[in-house]
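Trainee: Dropping in target.pdb, with PDB, C-alpha atoms, pLDDT in the B column.
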ATOM      1  CA  MET T   1       3.700   0.216 -18.641  1.00 51.00           C
ATOM      2  CA  ALA T   2       3.571   3.997 -18.892  1.00 57.00           C
ATOM      3  CA  PHE T   3       6.031   4.537 -16.033  1.00 53.00           C
ATOM      4  CA  ALA T   4       8.807   2.418 -17.590  1.00 53.00           C
ATOM      5  CA  THR T   5       8.142   3.859 -21.048  1.00 55.00           C
ATOM      6  CA  ALA T   6       8.449   7.413 -19.726  1.00 52.00           C
ATOM      7  CA  LEU T   7      11.743   6.628 -17.995  1.00 54.00           C
ATOM      8  CA  ALA T   8      13.218   5.006 -21.087  1.00 54.00           C
ATOM      9  CA  LYS T   9      11.994   7.745 -23.423  1.00 57.00           C
ATOM     10  CA  GLU T  10      13.493  10.525 -21.350  1.00 53.00           C
ATOM     11  CA  GLY T  11      16.684   8.616 -20.543  1.00 56.00           C
ATOM     12  CA  ALA T  12      15.948   9.273 -16.887  1.00 53.00           C
ATOM     13  CA  LYS T  13      17.905   7.719 -14.085  1.00 60.00           C
ATOM     14  CA  LEU T  14      15.738   6.609 -11.200  1.00 59.00           C
ATOM     15  CA  THR T  15      17.233   6.225  -7.730  1.00 56.00           C
ATOM     16  CA  ILE T  16      14.328   6.876  -5.376  1.00 57.00           C
ATOM     17  CA  ALA T  17      10.762   5.760  -5.930  1.00 57.00           C
ATOM     18  CA  GLU T  18       7.705   5.974  -3.685  1.00 54.00           C
ATOM     19  CA  PHE T  19       4.421   4.331  -4.478  1.00 57.00           C
ATOM     20  CA  ASN T  20       1.015   4.909  -2.964  1.00 57.00           C
ATOM     21  CA  GLY T  21      -1.364   3.481  -5.505  1.00 57.00           C
ATOM     22  CA  GLU T  22      -4.272   2.921  -3.198  1.00 50.00           C
ATOM     23  CA  THR T  23      -5.490   6.477  -2.798  1.00 50.00           C
ATOM     24  CA  GLY T  24      -9.262   6.385  -2.537  1.00 52.00           C
ATOM     25  CA  ALA T  25      -9.509   2.612  -2.918  1.00 50.00           C
ATOM     26  CA  GLN T  26     -11.068   2.127   0.510  1.00 49.00           C
ATOM     27  CA  ALA T  27     -13.672   4.754  -0.269  1.00 50.00           C
ATOM     28  CA  ALA T  28     -15.052   2.471  -2.984  1.00 53.00           C
ATOM     29  CA  LYS T  29     -16.805   0.382  -0.301  1.00 59.00           C
ATOM     30  CA  PRO T  30     -15.394   1.344   3.093  1.00 61.00           C
ATOM     31  CA  SER T  31     -17.557  -0.493   5.556  1.00 75.00           C
ATOM     32  CA  VAL T  32     -18.010  -4.196   4.845  1.00 87.00           C
ATOM     33  CA  LYS T  33     -18.066  -6.780   7.593  1.00 91.00           C
ATOM     34  CA  LEU T  34     -15.913  -9.862   7.068  1.00 93.00           C
ATOM     35  CA  LEU T  35     -18.799 -12.253   6.460  1.00 96.00           C
ATOM     36  CA  ASP T  36     -20.188  -9.935   3.773  1.00 95.00           C
ATOM     37  CA  ILE T  37     -16.998  -9.298   1.770  1.00 94.00           C
ATOM     38  CA  THR T  38     -17.277 -10.266  -1.883  1.00 94.00           C
ATOM     39  CA  LEU T  39     -14.618 -10.980  -4.487  1.00 93.00           C
ATOM     40  CA  GLU T  40     -15.338  -7.533  -5.923  1.00 90.00           C
ATOM     41  CA  ASP T  41     -14.756  -5.935  -2.495  1.00 90.00           C
ATOM     42  CA  MET T  42     -11.380  -7.687  -2.304  1.00 92.00           C
ATOM     43  CA  GLY T  43     -10.426  -6.787  -5.863  1.00 92.00           C
ATOM     44  CA  VAL T  44     -10.271  -3.003  -5.546  1.00 88.00           C
ATOM     45  CA  PRO T  45      -7.754  -2.727  -2.680  1.00 91.00           C
ATOM     46  CA  TRP T  46      -5.719  -5.701  -3.917  1.00 93.00           C
ATOM     47  CA  LYS T  47      -5.404  -4.434  -7.492  1.00 92.00           C
ATOM     48  CA  THR T  48      -4.584  -0.877  -6.426  1.00 90.00           C
ATOM     49  CA  GLY T  49      -2.388  -1.933  -3.500  1.00 91.00           C
ATOM     50  CA  PRO T  50      -0.070  -4.964  -3.665  1.00 94.00           C
ATOM     51  CA  VAL T  51      -0.562  -5.704  -7.367  1.00 95.00           C
ATOM     52  CA  ALA T  52       0.104  -2.091  -8.345  1.00 93.00           C
ATOM     53  CA  SER T  53       3.081  -1.923  -5.941  1.00 94.00           C
ATOM     54  CA  LEU T  54       4.552  -5.035  -7.553  1.00 96.00           C
ATOM     55  CA  PHE T  55       4.134  -3.680 -11.087  1.00 95.00           C
ATOM     56  CA  PHE T  56       5.596  -0.328 -10.016  1.00 92.00           C
ATOM     57  CA  MET T  57       8.705  -2.052  -8.646  1.00 94.00           C
ATOM     58  CA  GLN T  58       8.998  -4.228 -11.765  1.00 95.00           C
ATOM     59  CA  ALA T  59       8.902  -1.099 -13.912  1.00 92.00           C
ATOM     60  CA  GLY T  60      11.354   0.908 -11.815  1.00 91.00           C
ATOM     61  CA  VAL T  61      13.957  -1.559 -10.542  1.00 94.00           C
ATOM     62  CA  PRO T  62      15.579  -2.258 -13.938  1.00 92.00           C
ATOM     63  CA  HIS T  63      16.333   1.485 -14.139  1.00 88.00           C
ATOM     64  CA  ILE T  64      17.890   1.465 -10.663  1.00 90.00           C
ATOM     65  CA  ILE T  65      20.050  -1.674 -10.926  1.00 91.00           C
ATOM     66  CA  ASP T  66      22.769  -0.097 -13.090  1.00 87.00           C
ATOM     67  CA  SER T  67      23.511   2.588 -10.509  1.00 87.00           C
ATOM     68  CA  ASN T  68      23.968  -0.038  -7.739  1.00 88.00           C
ATOM     69  CA  TYR T  69      22.085   2.322  -5.443  1.00 89.00           C
ATOM     70  CA  GLY T  70      18.423   3.009  -4.975  1.00 91.00           C
ATOM     71  CA  ARG T  71      15.538   3.479  -2.597  1.00 92.00           C
ATOM     72  CA  ILE T  72      11.984   2.213  -2.908  1.00 94.00           C
ATOM     73  CA  ILE T  73       9.359   3.287  -0.400  1.00 93.00           C
ATOM     74  CA  ASN T  74       5.982   1.559  -0.348  1.00 93.00           C
ATOM     75  CA  LEU T  75       3.077   2.707   1.799  1.00 90.00           C
ATOM     76  CA  CYS T  76       0.895   0.526   3.976  1.00 89.00           C
ATOM     77  CA  SER T  77      -1.553   1.220   6.784  1.00 86.00           C
ATOM     78  CA  ASP T  78      -2.215   0.518  10.433  1.00 84.00           C
ATOM     79  CA  THR T  79      -5.539  -1.064   9.469  1.00 83.00           C
ATOM     80  CA  GLY T  80      -3.887  -4.434   8.891  1.00 82.00           C
ATOM     81  CA  ILE T  81      -1.911  -4.287  12.127  1.00 85.00           C
ATOM     82  CA  GLU T  82      -4.886  -3.066  14.141  1.00 84.00           C
ATOM     83  CA  GLY T  83      -7.371  -5.531  12.628  1.00 87.00           C
ATOM     84  CA  MET T  84      -9.979  -2.790  12.346  1.00 84.00           C
ATOM     85  CA  PRO T  85     -13.545  -4.097  11.952  1.00 86.00           C
ATOM     86  CA  THR T  86     -15.024  -3.658   8.458  1.00 88.00           C
ATOM     87  CA  PHE T  87     -11.544  -3.178   6.940  1.00 88.00           C
ATOM     88  CA  GLY T  88     -10.853  -6.827   6.036  1.00 92.00           C
ATOM     89  CA  ALA T  89     -10.268  -6.264   2.322  1.00 92.00           C
ATOM     90  CA  TYR T  90      -8.279  -3.058   2.735  1.00 90.00           C
ATOM     91  CA  GLY T  91      -6.268  -4.197   5.759  1.00 91.00           C
ATOM     92  CA  SER T  92      -5.292  -7.514   4.188  1.00 93.00           C
ATOM     93  CA  ALA T  93      -4.139  -5.729   1.032  1.00 93.00           C
ATOM     94  CA  LYS T  94      -2.024  -3.320   3.060  1.00 92.00           C
ATOM     95  CA  GLU T  95      -0.444  -6.189   5.011  1.00 95.00           C
ATOM     96  CA  SER T  96       0.353  -7.826   1.682  1.00 96.00           C
ATOM     97  CA  ILE T  97       2.256  -4.681   0.675  1.00 95.00           C
ATOM     98  CA  ARG T  98       4.282  -5.025   3.884  1.00 95.00           C
ATOM     99  CA  SER T  99       5.150  -8.652   3.011  1.00 96.00           C
ATOM    100  CA  LEU T 100       5.896  -7.832  -0.627  1.00 97.00           C
ATOM    101  CA  THR T 101       8.244  -5.097   0.551  1.00 97.00           C
ATOM    102  CA  ARG T 102      10.190  -7.543   2.752  1.00 97.00           C
ATOM    103  CA  VAL T 103      10.635  -9.912  -0.198  1.00 98.00           C
ATOM    104  CA  ALA T 104      11.702  -7.021  -2.462  1.00 98.00           C
ATOM    105  CA  ALA T 105      14.248  -5.852   0.133  1.00 98.00           C
ATOM    106  CA  ARG T 106      15.886  -9.261   0.159  1.00 98.00           C
ATOM    107  CA  GLU T 107      15.784  -9.725  -3.617  1.00 97.00           C
ATOM    108  CA  PHE T 108      16.916  -6.222  -4.580  1.00 97.00           C
ATOM    109  CA  GLY T 109      19.478  -5.787  -1.799  1.00 96.00           C
ATOM    110  CA  GLU T 110      22.223  -7.364  -3.881  1.00 96.00           C
ATOM    111  CA  TYR T 111      21.855  -4.402  -6.271  1.00 95.00           C
ATOM    112  CA  GLY T 112      22.297  -1.829  -3.505  1.00 95.00           C
ATOM    113  CA  ILE T 113      18.569  -1.102  -3.456  1.00 95.00           C
ATOM    114  CA  THR T 114      16.922  -0.513  -0.090  1.00 95.00           C
ATOM    115  CA  VAL T 115      13.194  -1.219   0.048  1.00 96.00           C
ATOM    116  CA  ASN T 116      11.117   0.084   2.950  1.00 95.00           C
ATOM    117  CA  VAL T 117       7.475   0.301   3.848  1.00 94.00           C
ATOM    118  CA  VAL T 118       6.017   3.255   5.714  1.00 92.00           C
ATOM    119  CA  SER T 119       2.740   3.312   7.577  1.00 87.00           C
ATOM    120  CA  PRO T 120       1.912   7.013   7.853  1.00 81.00           C
ATOM    121  CA  GLY T 121      -1.061   6.534  10.166  1.00 71.00           C
ATOM    122  CA  ALA T 122      -2.062  10.180  10.188  1.00 69.00           C
ATOM    123  CA  LEU T 123      -5.300  10.621  12.093  1.00 72.00           C
ATOM    124  CA  THR T 124      -6.438  13.941  10.719  1.00 75.00           C
ATOM    125  CA  PRO T 125      -9.653  15.569  11.939  1.00 82.00           C
ATOM    126  CA  ALA T 126     -11.327  14.576   8.651  1.00 77.00           C
ATOM    127  CA  ALA T 127     -10.165  10.963   8.994  1.00 72.00           C
ATOM    128  CA  LYS T 128     -11.395  10.867  12.585  1.00 78.00           C
ATOM    129  CA  ARG T 129     -14.851  12.154  11.551  1.00 81.00           C
ATOM    130  CA  TRP T 130     -15.002   9.569   8.755  1.00 70.00           C
ATOM    131  CA  MET T 131     -14.072   6.735  11.114  1.00 71.00           C
ATOM    132  CA  GLU T 132     -16.655   7.900  13.635  1.00 78.00           C
ATOM    133  CA  SER T 133     -19.316   7.994  10.904  1.00 75.00           C
ATOM    134  CA  LEU T 134     -18.556   4.358  10.041  1.00 65.00           C
ATOM    135  CA  SER T 135     -19.056   3.385  13.642  1.00 63.00           C
ATOM    136  CA  LYS T 136     -22.410   5.187  13.799  1.00 64.00           C
ATOM    137  CA  ASN T 137     -23.646   3.742  10.497  1.00 56.00           C
ATOM    138  CA  ASP T 138     -23.114   0.044  11.099  1.00 53.00           C
ATOM    139  CA  GLY T 139     -22.287  -0.349  14.764  1.00 46.00           C
ATOM    140  CA  ALA T 140     -18.719  -1.468  14.033  1.00 48.00           C
ATOM    141  CA  SER T 141     -15.847   0.161  15.811  1.00 46.00           C
ATOM    142  CA  ALA T 142     -13.490   1.776  13.330  1.00 46.00           C
ATOM    143  CA  THR T 143     -11.397   3.593  15.897  1.00 45.00           C
ATOM    144  CA  ARG T 144      -7.772   2.856  16.573  1.00 44.00           C
ATOM    145  CA  SER T 145      -6.915   0.734  19.536  1.00 41.00           C
ATOM    146  CA  SER T 146      -4.618   2.223  22.120  1.00 37.00           C
ATOM    147  CA  ARG T 147      -1.216   0.619  22.503  1.00 34.00           C
TER     148      ARG T 147
END
Any chance you could give the structure as structure tokens?
Mentor:
Amino acid sequence: MAFATALAKEGAKLTIAEFNGETGAQAAKPSVKLLDITLEDMGVPWKTGPVASLFFMQAGVPHIIDSNYGRIINLCSDTGIEGMPTFGAYGSAKESIRSLTRVAAREFGEYGITVNVVSPGALTPAAKRWMESLSKNDGASATRSSR
């Protein structure tokens, strides 16, 4: 693992780590209805989301334990909470990150490590245009529900 190797080589002390490994993963195949999702469609967001988050924590936590203090911040998304149509693969991966984070918080807490998950949910003008284009292309609603 390059991350752990770099820390060990430099003698670095890690206390805060943030991971967002899924950048661009949804763009690989953004609009797939649930009945059409393939194993390949599931693989991209799962490998770059929860699997990568797990490996990142495995690489970083051993470097945090000795200080008896640390912070890990994982990123998820509202897509899992909202149940947005055509986001089955991506949303389920993001919800898995939320669950993985809860487990990590309980397991790493004894070492003084706090583990949180953040769902930024920024609806930028570009994101809004992209979501609207999905809706126009396949008839699915990709807009956020109002709470």
Trainee: Looking at T:Pro62, T:Gly91, T:Pro125, T:Gly112, which one is nearest to Gly49 (chain T), with distances taken over all atoms listed in the file?
Mentor: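 That would be T:Gly91, the residue with the smallest distance to Gly49 (chain T).
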Trainee: Given the choices T:Thr124, T:Ser133, T:Asn74, T:Gln58, which gets closest to Phe108 (chain T) if the distance is worked out from only C-alpha atoms?
Mentor: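 Result for the nearest residue to Phe108 (chain T): T:Gln58.
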Trainee: Please indicate the distance in Å from CA of Phe55 (chain T) to CA of Gly80 (chain T), rounded to one decimal place.
Mentor: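 Distance between the two atoms: 21.5 Å.
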Trainee: What residues come out when you apply the PyMOL selection byres ((chain T and resi 68) around 10) to this file, written as an mmCIF file with C-alpha atoms, in the coordinates of the input?
Mentor:
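The resulting file, result_6.cif, is reproduced below:
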data_model
loop_
_atom_site.group_PDB
_atom_site.id
_atom_site.type_symbol
_atom_site.label_atom_id
_atom_site.label_comp_id
_atom_site.auth_asym_id
_atom_site.auth_seq_id
_atom_site.Cartn_x
_atom_site.Cartn_y
_atom_site.Cartn_z
ATOM 1 C CA THR T 15 17.233 6.225 -7.730
ATOM 2 C CA ILE T 64 17.890 1.465 -10.663
ATOM 3 C CA ILE T 65 20.050 -1.674 -10.926
ATOM 4 C CA ASP T 66 22.769 -0.097 -13.090
ATOM 5 C CA SER T 67 23.511 2.588 -10.509
ATOM 6 C CA TYR T 69 22.085 2.322 -5.443
ATOM 7 C CA GLY T 70 18.423 3.009 -4.975
ATOM 8 C CA PHE T 108 16.916 -6.222 -4.580
ATOM 9 C CA GLY T 109 19.478 -5.787 -1.799
ATOM 10 C CA GLU T 110 22.223 -7.364 -3.881
ATOM 11 C CA TYR T 111 21.855 -4.402 -6.271
ATOM 12 C CA GLY T 112 22.297 -1.829 -3.505
ATOM 13 C CA ILE T 113 18.569 -1.102 -3.456
#
Trainee: Just need the box for region 38-45 of chain T, edges along x, y and z, holding every atom the file lists for it with 5 Å tacked onto each side, so centre and edge lengths in Å to one decimal, as JSON.
Mentor:
{"center_x": -12.5, "center_y": -6.9, "center_z": -3.9, "size_x": 19.5, "size_y": 18.3, "size_z": 14.0}
Trainee: Within 10 Å of (-8.5, -2.6, 6.6), in the coordinates the file gives, what residues turn up when you count only C-alpha atoms, written out as number ranges by chain?
Mentor: T: 26, 30-32, 45, 77-95, 142
Trainee: Would you translate the PyMOL selection byres ((chain T and resi 100) around 12) into the concrete set of residues it matches in this file, as a PyMOL selection string?
Mentor: chain T and resi 49-55+57+72-76+93-99+101-108+115-117
Trainee: Between CA of Thr38 (chain T) and CA of Ala127 (chain T), what is the distance, to one decimal in Å?
Mentor: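 Those two atoms sit 24.9 Å apart.
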Trainee: How far is it from CA of Val61 (chain T) to CA of Val118 (chain T), in Å with one decimal?
Mentor: 18.7 Å
Trainee: Would you mind putting back all heavy atoms on region 108-119 of chain T, then writing it out as a short mmCIF file (atom, residue, chain, number, x, y, z; two decimals), in the coordinates of the input?
Mentor:
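File selection.cif, as written:
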data_model
loop_
_atom_site.label_atom_id
_atom_site.label_comp_id
_atom_site.auth_asym_id
_atom_site.auth_seq_id
_atom_site.Cartn_x
_atom_site.Cartn_y
_atom_site.Cartn_z
N PHE T 108 16.26 -7.36 -3.93
CA PHE T 108 16.92 -6.22 -4.58
C PHE T 108 18.15 -5.73 -3.82
O PHE T 108 18.90 -4.90 -4.32
CB PHE T 108 15.93 -5.05 -4.76
CG PHE T 108 14.68 -5.40 -5.53
CD1 PHE T 108 13.51 -4.69 -5.30
CD2 PHE T 108 14.65 -6.43 -6.45
CE1 PHE T 108 12.35 -4.99 -6.01
CE2 PHE T 108 13.49 -6.75 -7.16
CZ PHE T 108 12.34 -6.02 -6.93
N GLY T 109 18.35 -6.22 -2.61
CA GLY T 109 19.48 -5.79 -1.80
C GLY T 109 20.82 -6.01 -2.47
O GLY T 109 21.74 -5.20 -2.32
N GLU T 110 20.95 -7.08 -3.21
CA GLU T 110 22.22 -7.36 -3.88
C GLU T 110 22.58 -6.30 -4.92
O GLU T 110 23.73 -6.21 -5.35
CB GLU T 110 22.20 -8.75 -4.53
CG GLU T 110 21.26 -8.86 -5.73
CD GLU T 110 21.25 -10.26 -6.32
OE1 GLU T 110 22.12 -10.55 -7.16
OE2 GLU T 110 20.35 -11.04 -5.94
N TYR T 111 21.62 -5.49 -5.31
CA TYR T 111 21.86 -4.40 -6.27
C TYR T 111 22.01 -3.05 -5.58
O TYR T 111 21.99 -2.01 -6.22
CB TYR T 111 20.70 -4.31 -7.27
CG TYR T 111 20.44 -5.61 -7.99
CD1 TYR T 111 19.27 -6.33 -7.75
CD2 TYR T 111 21.36 -6.13 -8.90
CE1 TYR T 111 19.02 -7.53 -8.40
CE2 TYR T 111 21.11 -7.33 -9.55
CZ TYR T 111 19.94 -8.03 -9.29
OH TYR T 111 19.70 -9.21 -9.94
N GLY T 112 22.14 -3.08 -4.25
CA GLY T 112 22.30 -1.83 -3.50
C GLY T 112 20.99 -1.05 -3.36
O GLY T 112 21.00 0.13 -3.08
N ILE T 113 19.88 -1.75 -3.53
CA ILE T 113 18.57 -1.10 -3.46
C ILE T 113 17.95 -1.41 -2.09
O ILE T 113 17.81 -2.57 -1.72
CB ILE T 113 17.63 -1.58 -4.58
CG1 ILE T 113 18.24 -1.27 -5.94
CG2 ILE T 113 16.25 -0.96 -4.44
CD1 ILE T 113 17.51 -1.92 -7.12
N THR T 114 17.60 -0.38 -1.37
CA THR T 114 16.92 -0.51 -0.09
C THR T 114 15.43 -0.36 -0.33
O THR T 114 15.01 0.57 -1.01
CB THR T 114 17.39 0.58 0.89
OG1 THR T 114 18.79 0.44 1.07
CG2 THR T 114 16.68 0.47 2.22
N VAL T 115 14.65 -1.27 0.21
CA VAL T 115 13.19 -1.22 0.05
C VAL T 115 12.57 -1.15 1.43
O VAL T 115 12.83 -2.00 2.28
CB VAL T 115 12.66 -2.44 -0.72
CG1 VAL T 115 11.18 -2.28 -1.04
CG2 VAL T 115 13.46 -2.68 -2.01
N ASN T 116 11.78 -0.12 1.66
CA ASN T 116 11.12 0.08 2.95
C ASN T 116 9.62 0.26 2.75
O ASN T 116 9.16 0.62 1.68
CB ASN T 116 11.67 1.33 3.65
CG ASN T 116 13.10 1.13 4.10
OD1 ASN T 116 13.39 0.26 4.90
ND2 ASN T 116 13.99 1.94 3.56
N VAL T 117 8.91 0.04 3.83
CA VAL T 117 7.48 0.30 3.85
C VAL T 117 7.21 1.27 4.99
O VAL T 117 7.78 1.16 6.07
CB VAL T 117 6.64 -1.00 3.99
CG1 VAL T 117 6.87 -1.68 5.31
CG2 VAL T 117 5.17 -0.74 3.75
N VAL T 118 6.36 2.24 4.73
CA VAL T 118 6.02 3.26 5.71
C VAL T 118 4.51 3.20 5.95
O VAL T 118 3.72 3.10 5.01
CB VAL T 118 6.42 4.67 5.22
CG1 VAL T 118 5.96 5.74 6.18
CG2 VAL T 118 7.91 4.74 5.00
N SER T 119 4.15 3.27 7.20
CA SER T 119 2.74 3.31 7.58
C SER T 119 2.47 4.67 8.19
O SER T 119 2.67 4.87 9.38
CB SER T 119 2.43 2.20 8.58
OG SER T 119 1.08 2.22 8.95
#
